[in-house]
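Structure data (PDB, C-alpha atoms) from run-v5.pdb:
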ATOM      1  CA  MET A  27       0.000   0.000   0.000
ATOM      2  CA  THR A  28       1.371   3.419  -0.918
ATOM      3  CA  LEU A  29       1.946   6.183   1.583
ATOM      4  CA  ILE A  30      -0.929   8.141   0.039
ATOM      5  CA  THR A  31      -3.532   5.374   0.266
ATOM      6  CA  ASP A  32      -2.273   4.279   3.689
ATOM      7  CA  GLN A  33      -2.744   7.730   5.219
ATOM      8  CA  PHE A  34      -5.942   8.414   3.295
ATOM      9  CA  ASN A  35      -7.571   5.135   4.312
ATOM     10  CA  THR A  36      -6.344   5.235   7.911
ATOM     11  CA  ASN A  37      -6.933   8.886   8.807
ATOM     12  CA  GLY A  38      -9.460   9.869   6.156
ATOM     13  CA  TYR A  39      -7.197  12.535   4.690
ATOM     14  CA  TYR A  40      -3.813  13.051   3.058
ATOM     15  CA  ILE A  41      -1.788  16.268   2.713
ATOM     16  CA  ALA A  42       0.134  16.750  -0.525
ATOM     17  CA  LYS A  43       2.802  19.360   0.202
ATOM     18  CA  ASN A  44       3.506  21.972  -2.482
ATOM     19  CA  ALA A  45       0.899  20.547  -4.856
ATOM     20  CA  LEU A  46       0.669  23.979  -6.495
ATOM     21  CA  THR A  47       3.246  26.730  -6.766
ATOM     22  CA  ILE A  48       2.787  30.182  -5.273
ATOM     23  CA  LYS A  49       2.416  31.554  -8.792
ATOM     24  CA  GLU A  50      -0.337  29.051  -9.593
ATOM     25  CA  CYS A  51      -2.200  29.931  -6.398
ATOM     26  CA  ASP A  52      -1.946  33.624  -7.189
ATOM     27  CA  GLU A  53      -3.365  33.024 -10.668
ATOM     28  CA  MET A  54      -6.579  31.691  -9.133
ATOM     29  CA  ASN A  55      -6.767  34.422  -6.493
ATOM     30  CA  ASN A  56      -6.315  37.138  -9.117
ATOM     31  CA  ASP A  57      -8.856  35.519 -11.424
ATOM     32  CA  ILE A  58     -11.528  35.632  -8.704
ATOM     33  CA  LYS A  59     -10.784  39.309  -8.027
ATOM     34  CA  GLU A  60     -11.229  40.024 -11.727
ATOM     35  CA  MET A  61     -14.389  37.921 -11.715
ATOM     36  CA  ALA A  62     -15.762  40.136  -8.944
ATOM     37  CA  GLY A  63     -15.092  43.075 -11.250
ATOM     38  CA  GLY A  64     -17.106  41.556 -14.103
ATOM     39  CA  LYS A  65     -14.430  39.669 -16.067
ATOM     40  CA  TYR A  66     -16.825  36.826 -16.907
ATOM     41  CA  PRO A  67     -20.528  37.257 -17.754
ATOM     42  CA  SER A  68     -22.131  35.031 -15.124
ATOM     43  CA  PRO A  69     -24.848  34.897 -12.456
ATOM     44  CA  ILE A  70     -22.324  34.170  -9.704
ATOM     45  CA  PHE A  71     -22.095  37.773  -8.498
ATOM     46  CA  ASN A  72     -25.625  38.917  -9.355
ATOM     47  CA  ASP A  73     -26.773  39.030  -5.734
ATOM     48  CA  ILE A  74     -24.079  41.521  -4.762
ATOM     49  CA  ALA A  75     -23.689  43.386  -8.047
ATOM     50  CA  ASN A  76     -23.383  47.178  -7.974
ATOM     51  CA  GLN A  77     -22.454  47.222  -4.297
ATOM     52  CA  GLY A  78     -19.133  48.996  -4.591
ATOM     53  CA  SER A  79     -15.800  48.360  -6.242
ATOM     54  CA  ALA A  80     -14.505  44.917  -7.186
ATOM     55  CA  GLU A  81     -12.446  44.972  -3.975
ATOM     56  CA  ASP A  82     -15.550  45.831  -1.924
ATOM     57  CA  VAL A  83     -17.469  42.974  -3.519
ATOM     58  CA  TYR A  84     -14.560  40.573  -3.018
ATOM     59  CA  ASN A  85     -14.312  41.359   0.695
ATOM     60  CA  LYS A  86     -17.989  40.577   1.320
ATOM     61  CA  ILE A  87     -17.788  36.988   0.090
ATOM     62  CA  LEU A  88     -17.252  33.868   2.140
ATOM     63  CA  CYS A  89     -17.606  31.353  -0.702
ATOM     64  CA  ILE A  90     -18.183  31.272  -4.463
ATOM     65  CA  HIS A  91     -19.803  28.126  -5.848
ATOM     66  CA  GLN A  92     -18.765  26.610  -9.172
ATOM     67  CA  PRO A  93     -16.243  29.178 -10.468
ATOM     68  CA  HIS A  94     -15.032  26.547 -12.949
ATOM     69  CA  THR A  95     -18.311  26.896 -14.860
ATOM     70  CA  VAL A  96     -17.308  30.387 -15.986
ATOM     71  CA  SER A  97     -13.510  30.440 -15.649
ATOM     72  CA  PRO A  98     -11.185  28.248 -17.736
ATOM     73  CA  ILE A  99      -8.449  28.890 -15.188
ATOM     74  CA  PHE A 100     -10.351  26.895 -12.570
ATOM     75  CA  VAL A 101     -10.924  24.075 -15.044
ATOM     76  CA  LYS A 102      -7.180  23.999 -15.696
ATOM     77  CA  TYR A 103      -6.341  23.521 -12.022
ATOM     78  CA  MET A 104      -9.149  21.011 -11.588
ATOM     79  CA  LYS A 105      -7.119  18.822 -13.964
ATOM     80  CA  HIS A 106      -3.674  19.646 -12.524
ATOM     81  CA  ASN A 107      -1.361  16.628 -12.630
ATOM     82  CA  ASN A 108      -0.344  16.967  -8.973
ATOM     83  CA  ILE A 109      -4.020  16.699  -8.054
ATOM     84  CA  THR A 110      -5.073  13.938 -10.432
ATOM     85  CA  ASP A 111      -2.022  11.832  -9.534
ATOM     86  CA  VAL A 112      -3.221  11.682  -5.915
ATOM     87  CA  LEU A 113      -6.833  11.111  -6.973
ATOM     88  CA  GLY A 114      -5.687   8.037  -8.884
ATOM     89  CA  ASN A 115      -4.538   6.605  -5.548
ATOM     90  CA  CYS A 116      -7.513   7.737  -3.473
ATOM     91  CA  ILE A 117     -10.355   7.043  -5.946
ATOM     92  CA  GLY A 118      -9.095   4.961  -8.837
ATOM     93  CA  PRO A 119      -8.048   5.245 -12.488
ATOM     94  CA  SER A 120     -11.219   7.012 -13.718
ATOM     95  CA  VAL A 121     -12.275  10.225 -11.987
ATOM     96  CA  LYS A 122     -14.817  12.980 -12.659
ATOM     97  CA  CYS A 123     -15.367  16.322 -10.937
ATOM     98  CA  MET A 124     -18.769  17.818 -10.149
ATOM     99  CA  GLN A 125     -18.048  20.824  -7.939
ATOM    100  CA  SER A 126     -15.665  23.667  -7.197
ATOM    101  CA  MET A 127     -15.921  26.026  -4.231
ATOM    102  CA  TYR A 128     -13.683  29.053  -3.800
ATOM    103  CA  PHE A 129     -13.473  30.332  -0.220
ATOM    104  CA  ILE A 130     -12.305  33.922   0.229
ATOM    105  CA  LYS A 131     -12.955  34.155   3.969
ATOM    106  CA  PRO A 132     -11.744  37.691   4.690
ATOM    107  CA  PRO A 133     -10.946  38.752   8.274
ATOM    108  CA  GLY A 134     -13.958  38.437  10.554
ATOM    109  CA  LEU A 135     -15.968  36.070   8.381
ATOM    110  CA  PRO A 136     -17.209  32.788   9.904
ATOM    111  CA  GLY A 137     -16.274  29.173   9.315
ATOM    112  CA  GLN A 138     -18.485  26.176   8.641
ATOM    113  CA  ALA A 139     -19.536  23.901  11.505
ATOM    114  CA  TRP A 140     -19.007  20.136  11.649
ATOM    115  CA  HIS A 141     -20.235  18.287   8.564
ATOM    116  CA  GLN A 142     -19.548  15.472   6.113
ATOM    117  CA  ASP A 143     -19.543  16.210   2.395
ATOM    118  CA  GLU A 144     -21.389  12.977   1.619
ATOM    119  CA  ALA A 145     -24.467  14.502   3.260
ATOM    120  CA  TYR A 146     -24.483  17.193   0.557
ATOM    121  CA  ILE A 147     -23.246  15.231  -2.459
ATOM    122  CA  PRO A 148     -24.561  11.654  -2.210
ATOM    123  CA  THR A 149     -22.706   8.885  -4.012
ATOM    124  CA  ARG A 150     -23.390   5.151  -4.143
ATOM    125  CA  ASP A 151     -19.849   3.853  -3.974
ATOM    126  CA  ARG A 152     -18.314   6.073  -1.252
ATOM    127  CA  SER A 153     -15.739   7.394  -3.718
ATOM    128  CA  LEU A 154     -16.406  11.111  -3.173
ATOM    129  CA  CYS A 155     -13.165  12.928  -2.364
ATOM    130  CA  GLY A 156     -12.460  16.573  -1.647
ATOM    131  CA  ALA A 157      -9.260  18.289  -2.745
ATOM    132  CA  TRP A 158      -8.823  21.403  -0.576
ATOM    133  CA  VAL A 159      -6.010  23.582  -1.924
ATOM    134  CA  ALA A 160      -4.684  26.314   0.377
ATOM    135  CA  LEU A 161      -4.396  29.557  -1.598
ATOM    136  CA  ASP A 162      -3.021  31.292   1.501
ATOM    137  CA  ASP A 163      -1.271  29.846   4.519
ATOM    138  CA  ALA A 164      -4.069  28.302   6.607
ATOM    139  CA  SER A 165      -3.605  28.579  10.375
ATOM    140  CA  ILE A 166      -5.702  28.257  13.507
ATOM    141  CA  GLU A 167      -5.826  32.053  13.667
ATOM    142  CA  ASN A 168      -7.266  32.585  10.181
ATOM    143  CA  GLY A 169      -9.662  29.635  10.226
ATOM    144  CA  CYS A 170      -7.964  26.469   8.973
ATOM    145  CA  LEU A 171      -9.684  23.114   8.641
ATOM    146  CA  TRP A 172     -10.236  20.867  11.662
ATOM    147  CA  VAL A 173     -10.886  17.135  11.285
ATOM    148  CA  VAL A 174     -11.698  14.078  13.366
ATOM    149  CA  PRO A 175      -9.153  11.522  12.083
ATOM    150  CA  GLY A 176     -10.651   8.140  11.278
ATOM    151  CA  SER A 177     -14.255   9.370  11.482
ATOM    152  CA  HIS A 178     -14.853   8.214   7.902
ATOM    153  CA  LYS A 179     -14.305   4.526   8.553
ATOM    154  CA  ASN A 180     -17.782   3.269   9.428
ATOM    155  CA  GLY A 181     -19.525   5.197   6.647
ATOM    156  CA  TYR A 182     -22.051   6.637   9.093
ATOM    157  CA  ILE A 183     -23.798   9.919   8.222
ATOM    158  CA  TYR A 184     -24.508  11.982  11.338
ATOM    159  CA  SER A 185     -27.622  14.085  11.957
ATOM    160  CA  PHE A 186     -27.781  17.864  11.714
ATOM    161  CA  ARG A 187     -28.953  20.402  14.270
ATOM    162  CA  ASP A 188     -28.602  24.171  14.726
ATOM    163  CA  HIS A 189     -25.210  25.203  16.096
ATOM    164  CA  ASN A 190     -26.513  28.444  17.702
ATOM    165  CA  GLN A 191     -23.122  30.101  17.216
ATOM    166  CA  PRO A 192     -23.766  32.639  14.433
ATOM    167  CA  ASP A 193     -20.587  34.567  15.217
ATOM    168  CA  LYS A 194     -18.387  31.477  14.642
ATOM    169  CA  TYR A 195     -20.105  29.581  11.838
ATOM    170  CA  ASP A 196     -22.178  30.282   8.748
ATOM    171  CA  SER A 197     -25.901  29.540   8.487
ATOM    172  CA  ALA A 198     -25.515  25.814   7.697
ATOM    173  CA  GLN A 199     -26.393  23.403  10.505
ATOM    174  CA  GLN A 200     -23.790  21.265  12.281
ATOM    175  CA  MET A 201     -23.537  17.511  12.701
ATOM    176  CA  HIS A 202     -23.567  16.019  16.180
ATOM    177  CA  GLY A 203     -23.367  12.714  18.037
ATOM    178  CA  PHE A 204     -19.604  12.074  17.924
ATOM    179  CA  ASP A 205     -16.581  12.722  20.149
ATOM    180  CA  GLU A 206     -15.338  16.209  19.273
ATOM    181  CA  SER A 207     -12.375  15.851  21.651
ATOM    182  CA  LYS A 208     -10.540  13.905  18.946
ATOM    183  CA  GLU A 209     -10.425  16.928  16.639
ATOM    184  CA  VAL A 210      -7.098  18.119  15.229
ATOM    185  CA  PRO A 211      -6.243  21.286  13.262
ATOM    186  CA  VAL A 212      -4.945  20.952   9.714
ATOM    187  CA  GLU A 213      -2.558  23.865   9.361
ATOM    188  CA  VAL A 214      -1.040  23.985   5.875
ATOM    189  CA  LYS A 215       1.028  26.284   3.704
ATOM    190  CA  LYS A 216      -0.023  28.056   0.533
ATOM    191  CA  GLY A 217      -0.029  25.506  -2.282
ATOM    192  CA  ASP A 218      -0.584  22.447  -0.072
ATOM    193  CA  ASP A 219      -3.557  20.227  -0.964
ATOM    194  CA  VAL A 220      -5.646  18.367   1.623
ATOM    195  CA  PHE A 221      -7.382  15.329   0.110
ATOM    196  CA  TYR A 222     -10.158  13.989   2.331
ATOM    197  CA  ASN A 223     -12.801  11.274   2.309
ATOM    198  CA  SER A 224     -16.395  12.489   2.025
ATOM    199  CA  TYR A 225     -17.362  10.792   5.302
ATOM    200  CA  LEU A 226     -14.600  12.539   7.255
ATOM    201  CA  LEU A 227     -16.014  14.937   9.854
ATOM    202  CA  HIS A 228     -14.497  18.363   9.328
ATOM    203  CA  LYS A 229     -15.134  22.019  10.042
ATOM    204  CA  SER A 230     -13.410  25.399   9.848
ATOM    205  CA  GLU A 231     -13.334  28.258  12.322
ATOM    206  CA  LYS A 232     -13.803  32.006  12.014
ATOM    207  CA  ASN A 233     -11.002  34.107  10.565
ATOM    208  CA  LYS A 234      -9.840  35.967  13.681
ATOM    209  CA  THR A 235      -7.027  37.898  12.038
ATOM    210  CA  LYS A 236      -7.234  41.586  11.180
ATOM    211  CA  ASN A 237      -5.556  41.580   7.793
ATOM    212  CA  ASN A 238      -5.197  38.034   6.441
ATOM    213  CA  TYR A 239      -7.438  36.164   4.041
ATOM    214  CA  ARG A 240      -7.846  32.390   4.285
ATOM    215  CA  ARG A 241      -8.470  31.599   0.661
ATOM    216  CA  ALA A 242      -8.857  28.065  -0.664
ATOM    217  CA  ILE A 243     -10.264  26.222  -3.651
ATOM    218  CA  VAL A 244     -12.067  22.949  -3.009
ATOM    219  CA  TYR A 245     -12.787  20.523  -5.821
ATOM    220  CA  HIS A 246     -15.017  17.482  -5.342
ATOM    221  CA  TYR A 247     -14.302  14.328  -7.316
ATOM    222  CA  MET A 248     -15.704  10.810  -7.579
ATOM    223  CA  ASN A 249     -15.392   7.535  -9.468
ATOM    224  CA  SER A 250     -16.450   8.011 -13.092
ATOM    225  CA  TYR A 251     -18.226   4.643 -13.100
ATOM    226  CA  SER A 252     -20.682   5.698 -10.401
ATOM    227  CA  PHE A 253     -23.866   7.658 -11.135
ATOM    228  CA  LEU A 254     -24.195  11.076  -9.517
ATOM    229  CA  PRO A 255     -27.710  11.266  -7.945
ATOM    230  CA  TRP A 256     -27.340  14.953  -7.054
ATOM    231  CA  GLY A 257     -29.577  17.968  -7.586
ATOM    232  CA  LYS A 258     -33.121  18.201  -8.905
ATOM    233  CA  MET A 259     -34.258  14.919 -10.427
ATOM    234  CA  PRO A 260     -36.209  15.164 -13.704
ATOM    235  CA  GLU A 261     -39.761  13.846 -13.823
ATOM    236  CA  ASN A 262     -40.278  10.222 -14.835
ATOM    237  CA  VAL A 263     -36.698   9.251 -13.929
ATOM    238  CA  HIS A 264     -36.220   6.493 -11.372
ATOM    239  CA  PRO A 265     -33.870   7.551  -8.516
ATOM    240  CA  ALA A 266     -31.629   4.565  -9.204
ATOM    241  CA  GLN A 267     -31.075   5.805 -12.761
ATOM    242  CA  PHE A 268     -30.653   9.531 -12.103
ATOM    243  CA  ASP A 269     -27.181  10.695 -13.114
ATOM    244  CA  ASN A 270     -26.333  14.400 -12.943
ATOM    245  CA  ARG A 271     -24.114  15.237 -15.931
ATOM    246  CA  ASN A 272     -22.782  18.562 -14.665
ATOM    247  CA  VAL A 273     -19.388  16.870 -14.513
ATOM    248  CA  ILE A 274     -15.929  17.167 -16.029
ATOM    249  CA  GLN A 275     -13.771  14.123 -16.684
ATOM    250  CA  VAL A 276     -10.289  14.643 -15.229
ATOM    251  CA  LEU A 277      -8.674  11.204 -15.253
ATOM    252  CA  GLY A 278      -9.086   7.988 -17.223
ATOM    253  CA  LYS A 279     -12.263   6.926 -19.007
ATOM    254  CA  ASP A 280     -15.801   8.269 -18.729
ATOM    255  CA  PRO A 281     -18.045   5.249 -19.368
ATOM    256  CA  TYR A 282     -21.094   7.521 -19.615
ATOM    257  CA  ALA A 283     -19.625  10.016 -22.076
ATOM    258  CA  TRP A 284     -22.343   8.983 -24.526
ATOM    259  CA  LYS A 285     -24.861  10.795 -22.300
ATOM    260  CA  GLY A 286     -23.195  14.130 -22.968
ATOM    261  CA  TYR A 287     -22.424  16.888 -20.465
ATOM    262  CA  GLN A 288     -24.207  19.887 -18.974
ATOM    263  CA  THR A 289     -22.911  23.184 -17.632
ATOM    264  CA  THR A 290     -24.929  25.381 -15.287
ATOM    265  CA  PRO A 291     -22.893  28.480 -14.338
ATOM    266  CA  GLY A 292     -22.739  29.190 -10.650
ATOM    267  CA  LEU A 293     -25.244  26.519  -9.671
ATOM    268  CA  TYR A 294     -25.001  23.033  -8.190
TER     269      TYR A 294
END

Structure encoded using C-alpha cells:
Amino acid sequence: MTLITDQFNTNGYYIAKNALTIKECDEMNNDIKEMAGGKYPSPIFNDIANQGSAEDVYNKILCIHQPHTVSPIFVKYMKHNNITDVLGNCIGPSVKCMQSMYFIKPPGLPGQAWHQDEAYIPTRDRSLCGAWVALDDASIENGCLWVVPGSHKNGYIYSFRDHNQPDKYDSAQQMHGFDESKEVPVEVKKGDDVFYNSYLLHKSEKNKTKNNYRRAIVYHYMNSYSFLPWGKMPENVHPAQFDNRNVIQVLGKDPYAWKGYQTTPGLY
C-alpha cells in the first residue's frame, strides 16, 4: 500500500505538500478578483452586483460556488497533474469532478460547523473525495480546517442540528453525536492540498485575524463509473437511474460520455 492510500484510508485525509506553486495559487486568487469586477458574464455575483468596487465585492464573500463553470483557469487547475495523480490513488483510475468552491474568507468572516460532504453530495460507492487547496497559509488564527481523524471509517452519516453560534459559523447546521475531543487542526502552507474522504467529519473556524485572508479552492471528485444522484431529479426518472451530468472528466475513461455533459454556471 502506498503512503498516500495508507494515510488516506487510515486517517481519512492526506496532505500533498507543495501541490501547487505560489504563482499558480496567485493566478486563481487574481482571477476571482477580476471575476468580482465583471471579467466573466455570469450569475455568480448577481446578488451583490453594484455594491461597490470589485475589492468591496470581493471582501464581502465567504464562498463562491462553481467558479469553474465560468472560468477556464479553474478548469485547468481542476485537472492539474499533482491533483489527479493523488486522486488516482484515493479514488481509482477514472475520476470525474462535479463541484468547485472558492473560499475567500476575509478577516472576521465565519467558518463552517461540523459536517460530512457525503451529506451534501450523495454517491453510491463512497468514492467522493475533496481536494482542498490552500491559496493562503491556513492557520488556527485565520480559520484552517479541523478534522476528526478516522471518522470516515464506518460510513455513518450523522444528523444535523442548529449550532446556535452565528458569530463562529455560517448559516448551515452542524452535525452532532460524535466525540469532538478527537479533533485536530490541519494547518497547511499556501499551495498544499488536503485530500479527504467524504465521510470525514471536518469544520473550519472564524477568521480571527485583522488583515489576512484564508483563501482556498475545493474541488469534489468521484469515481467516473458511479452515477451522480445529485440535484433536482427530472420527472419520470427512477432515482436509481438519475445521473447528474454537470461533470468534467479529469482522469481515465468516462463510461457515460455517450450521455453528454451539462454546464450550469454558478449553480449546483

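Compared by their closest atoms to Met127 in chain A, and using all atoms listed in the file, the residues A:Tyr182, A:Trp256, A:Phe204, A:Phe100 rank with A:Phe100 nearest.
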
- Query: What's the 10 Å shell around Asn168 in chain A, counting only C-alpha atoms, without same-chain residues fewer than 5 positions away, as a list in words?
  - Reply: Lys131, Pro132, Pro133, Gly134, Leu135, Pro136, Gly137, Asp162, Asp163, Glu213, Ser230, Glu231, Lys232, Asn233, Lys234, Thr235, Lys236, Asn237, Asn238, Tyr239, Arg240 and Arg241 of chain A

Output the selection as a PDB file, keeping the file's coordinate frame - C-alpha atoms for each residue.
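Contents of the output file result.pdb:
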ATOM      1  CA  LYS A 131     -12.955  34.155   3.969  1.00  0.00           C
ATOM      2  CA  PRO A 132     -11.744  37.691   4.690  1.00  0.00           C
ATOM      3  CA  PRO A 133     -10.946  38.752   8.274  1.00  0.00           C
ATOM      4  CA  GLY A 134     -13.958  38.437  10.554  1.00  0.00           C
ATOM      5  CA  LEU A 135     -15.968  36.070   8.381  1.00  0.00           C
ATOM      6  CA  PRO A 136     -17.209  32.788   9.904  1.00  0.00           C
ATOM      7  CA  GLY A 137     -16.274  29.173   9.315  1.00  0.00           C
ATOM      8  CA  ASP A 162      -3.021  31.292   1.501  1.00  0.00           C
ATOM      9  CA  ASP A 163      -1.271  29.846   4.519  1.00  0.00           C
ATOM     10  CA  GLU A 213      -2.558  23.865   9.361  1.00  0.00           C
ATOM     11  CA  SER A 230     -13.410  25.399   9.848  1.00  0.00           C
ATOM     12  CA  GLU A 231     -13.334  28.258  12.322  1.00  0.00           C
ATOM     13  CA  LYS A 232     -13.803  32.006  12.014  1.00  0.00           C
ATOM     14  CA  ASN A 233     -11.002  34.107  10.565  1.00  0.00           C
ATOM     15  CA  LYS A 234      -9.840  35.967  13.681  1.00  0.00           C
ATOM     16  CA  THR A 235      -7.027  37.898  12.038  1.00  0.00           C
ATOM     17  CA  LYS A 236      -7.234  41.586  11.180  1.00  0.00           C
ATOM     18  CA  ASN A 237      -5.556  41.580   7.793  1.00  0.00           C
ATOM     19  CA  ASN A 238      -5.197  38.034   6.441  1.00  0.00           C
ATOM     20  CA  TYR A 239      -7.438  36.164   4.041  1.00  0.00           C
ATOM     21  CA  ARG A 240      -7.846  32.390   4.285  1.00  0.00           C
ATOM     22  CA  ARG A 241      -8.470  31.599   0.661  1.00  0.00           C
TER      23      ARG A 241
END

Please list, as a tab-separated table (two decimals) with C-alpha atoms, keeping the file's coordinate frame, the residues that have an atom at most 6 Å away from (-25.6, 21.2, 9.8) in the coordinates of this file, counting all atoms listed in the file.
chain	number	residue	atom	x	y	z
A	186	PHE	CA	-27.78	17.86	11.71
A	187	ARG	CA	-28.95	20.40	14.27
A	198	ALA	CA	-25.52	25.81	7.70
A	199	GLN	CA	-26.39	23.40	10.50
A	200	GLN	CA	-23.79	21.26	12.28
A	201	MET	CA	-23.54	17.51	12.70

- Message: One decimal, in Å: what's the spacing between CA of Ser252 in chain A and CA of Arg150 in chain A?
- Response: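 Interatomic distance here is 6.8 Å.
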
- Selected by the PyMOL selection byres ((chain A and resi 42) around 10) in the shown coordinates: which residues, as a list in words? Ile30, Tyr39, Tyr40, Ile41, Lys43, Asn44, Ala45, Leu46, Asn108, Ile109, Val112, Ala157, Val159, Val214, Gly217, Asp218, Asp219, Val220 and Phe221 of chain A

- Task: Check what the PyMOL selection byres ((chain A and resi 86-88) around 6) selects in the file above and give those residues as a PyMOL selection string.
- Result: chain A and resi 83-85+89+129-131

Export C-alpha atoms of the chosen residues as a compact mmCIF listing (two decimals), keeping the file's coordinate frame?
# COMPACT_ATOMS: atom_id res chain seq x y z
CA VAL A 83 -17.47 42.97 -3.52
CA TYR A 84 -14.56 40.57 -3.02
CA ASN A 85 -14.31 41.36 0.70
CA CYS A 89 -17.61 31.35 -0.70
CA PHE A 129 -13.47 30.33 -0.22
CA ILE A 130 -12.30 33.92 0.23
CA LYS A 131 -12.96 34.16 3.97

- Name the residues in contact with Pro148 in chain A at a cut-off of 12 Å, using only C-alpha atoms, excluding same-chain residues fewer than 6 positions from it; report them as a PyMOL selection string. chain A and resi 124+142+154-155+183+224-225+246-248+252-257+265+268-270

Could you dump the residues just selected with C-alpha atoms as an mmCIF file, in the frame of the given file?
data_model
loop_
_atom_site.group_PDB
_atom_site.id
_atom_site.type_symbol
_atom_site.label_atom_id
_atom_site.label_comp_id
_atom_site.auth_asym_id
_atom_site.auth_seq_id
_atom_site.Cartn_x
_atom_site.Cartn_y
_atom_site.Cartn_z
ATOM 1 C CA MET A 124 -18.769 17.818 -10.149
ATOM 2 C CA GLN A 142 -19.548 15.472 6.113
ATOM 3 C CA LEU A 154 -16.406 11.111 -3.173
ATOM 4 C CA CYS A 155 -13.165 12.928 -2.364
ATOM 5 C CA ILE A 183 -23.798 9.919 8.222
ATOM 6 C CA SER A 224 -16.395 12.489 2.025
ATOM 7 C CA TYR A 225 -17.362 10.792 5.302
ATOM 8 C CA HIS A 246 -15.017 17.482 -5.342
ATOM 9 C CA TYR A 247 -14.302 14.328 -7.316
ATOM 10 C CA MET A 248 -15.704 10.810 -7.579
ATOM 11 C CA SER A 252 -20.682 5.698 -10.401
ATOM 12 C CA PHE A 253 -23.866 7.658 -11.135
ATOM 13 C CA LEU A 254 -24.195 11.076 -9.517
ATOM 14 C CA PRO A 255 -27.710 11.266 -7.945
ATOM 15 C CA TRP A 256 -27.340 14.953 -7.054
ATOM 16 C CA GLY A 257 -29.577 17.968 -7.586
ATOM 17 C CA PRO A 265 -33.870 7.551 -8.516
ATOM 18 C CA PHE A 268 -30.653 9.531 -12.103
ATOM 19 C CA ASP A 269 -27.181 10.695 -13.114
ATOM 20 C CA ASN A 270 -26.333 14.400 -12.943
#

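What the PyMOL selection byres ((chain A and resi 205) around 12) grabs from this file is Trp140, Val173, Val174, Pro175, Gly176, Ser177, Tyr184, Met201, His202, Gly203, Phe204, Glu206, Ser207, Lys208, Glu209, Val210 and Leu227 of chain A.
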
- Note on the structure: Between CA of Lys122 in chain A and CA of Lys285 in chain A lies a distance of 14.1 Å

- Item | Point-to-point distance in Å for CA of Lys258 in chain A and CA of Tyr287 in chain A | 15.8 Å

- Message: From the options A:Ala139, A:Ile48, A:Met61, A:Val96, which residue's atoms come nearest to Glu81 in chain A, counting all atoms listed in the file?
- Response: A:Met61

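Comparing A:Asn272, A:Asn249, A:Gln92, A:Gln138 by their smallest distance to Cys116 in chain A, the closest is A:Asn249 (using all atoms listed in the file).
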
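Considering all atoms listed in the file, the residue among A:Ser165, A:Asn190, A:Gln275, A:Asn56 positioned nearest to Pro119 in chain A is A:Gln275.
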
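Comparing the minimum interatomic distances between Thr289 in chain A and each of A:Val273, A:Pro211, A:Asn223, A:Asp111, counting all atoms listed in the file, we find that A:Val273 sits nearest.
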
Give the centre and edge lengths of an axis-aligned box, in Å to one decimal, that holds all listed atoms of range 29-38 of chain A with 5 Å on each side, as JSON.
{"center_x": -3.8, "center_y": 7.1, "center_z": 4.4, "size_x": 21.4, "size_y": 15.6, "size_z": 18.8}

- Anything within 9 Å of (-6.9, 5.7, 8.2): list those residues as a VMD selection string, counting only C-alpha atoms and sticking to the file's coordinates. chain A and resid 31 to 39 175 to 179

- Query: Which of these, A:Val121, A:Val276, A:Lys216, A:Lys229, has the shortest distance to Lys194 in chain A once you count all atoms listed in the file?
  - Reply: A:Lys229
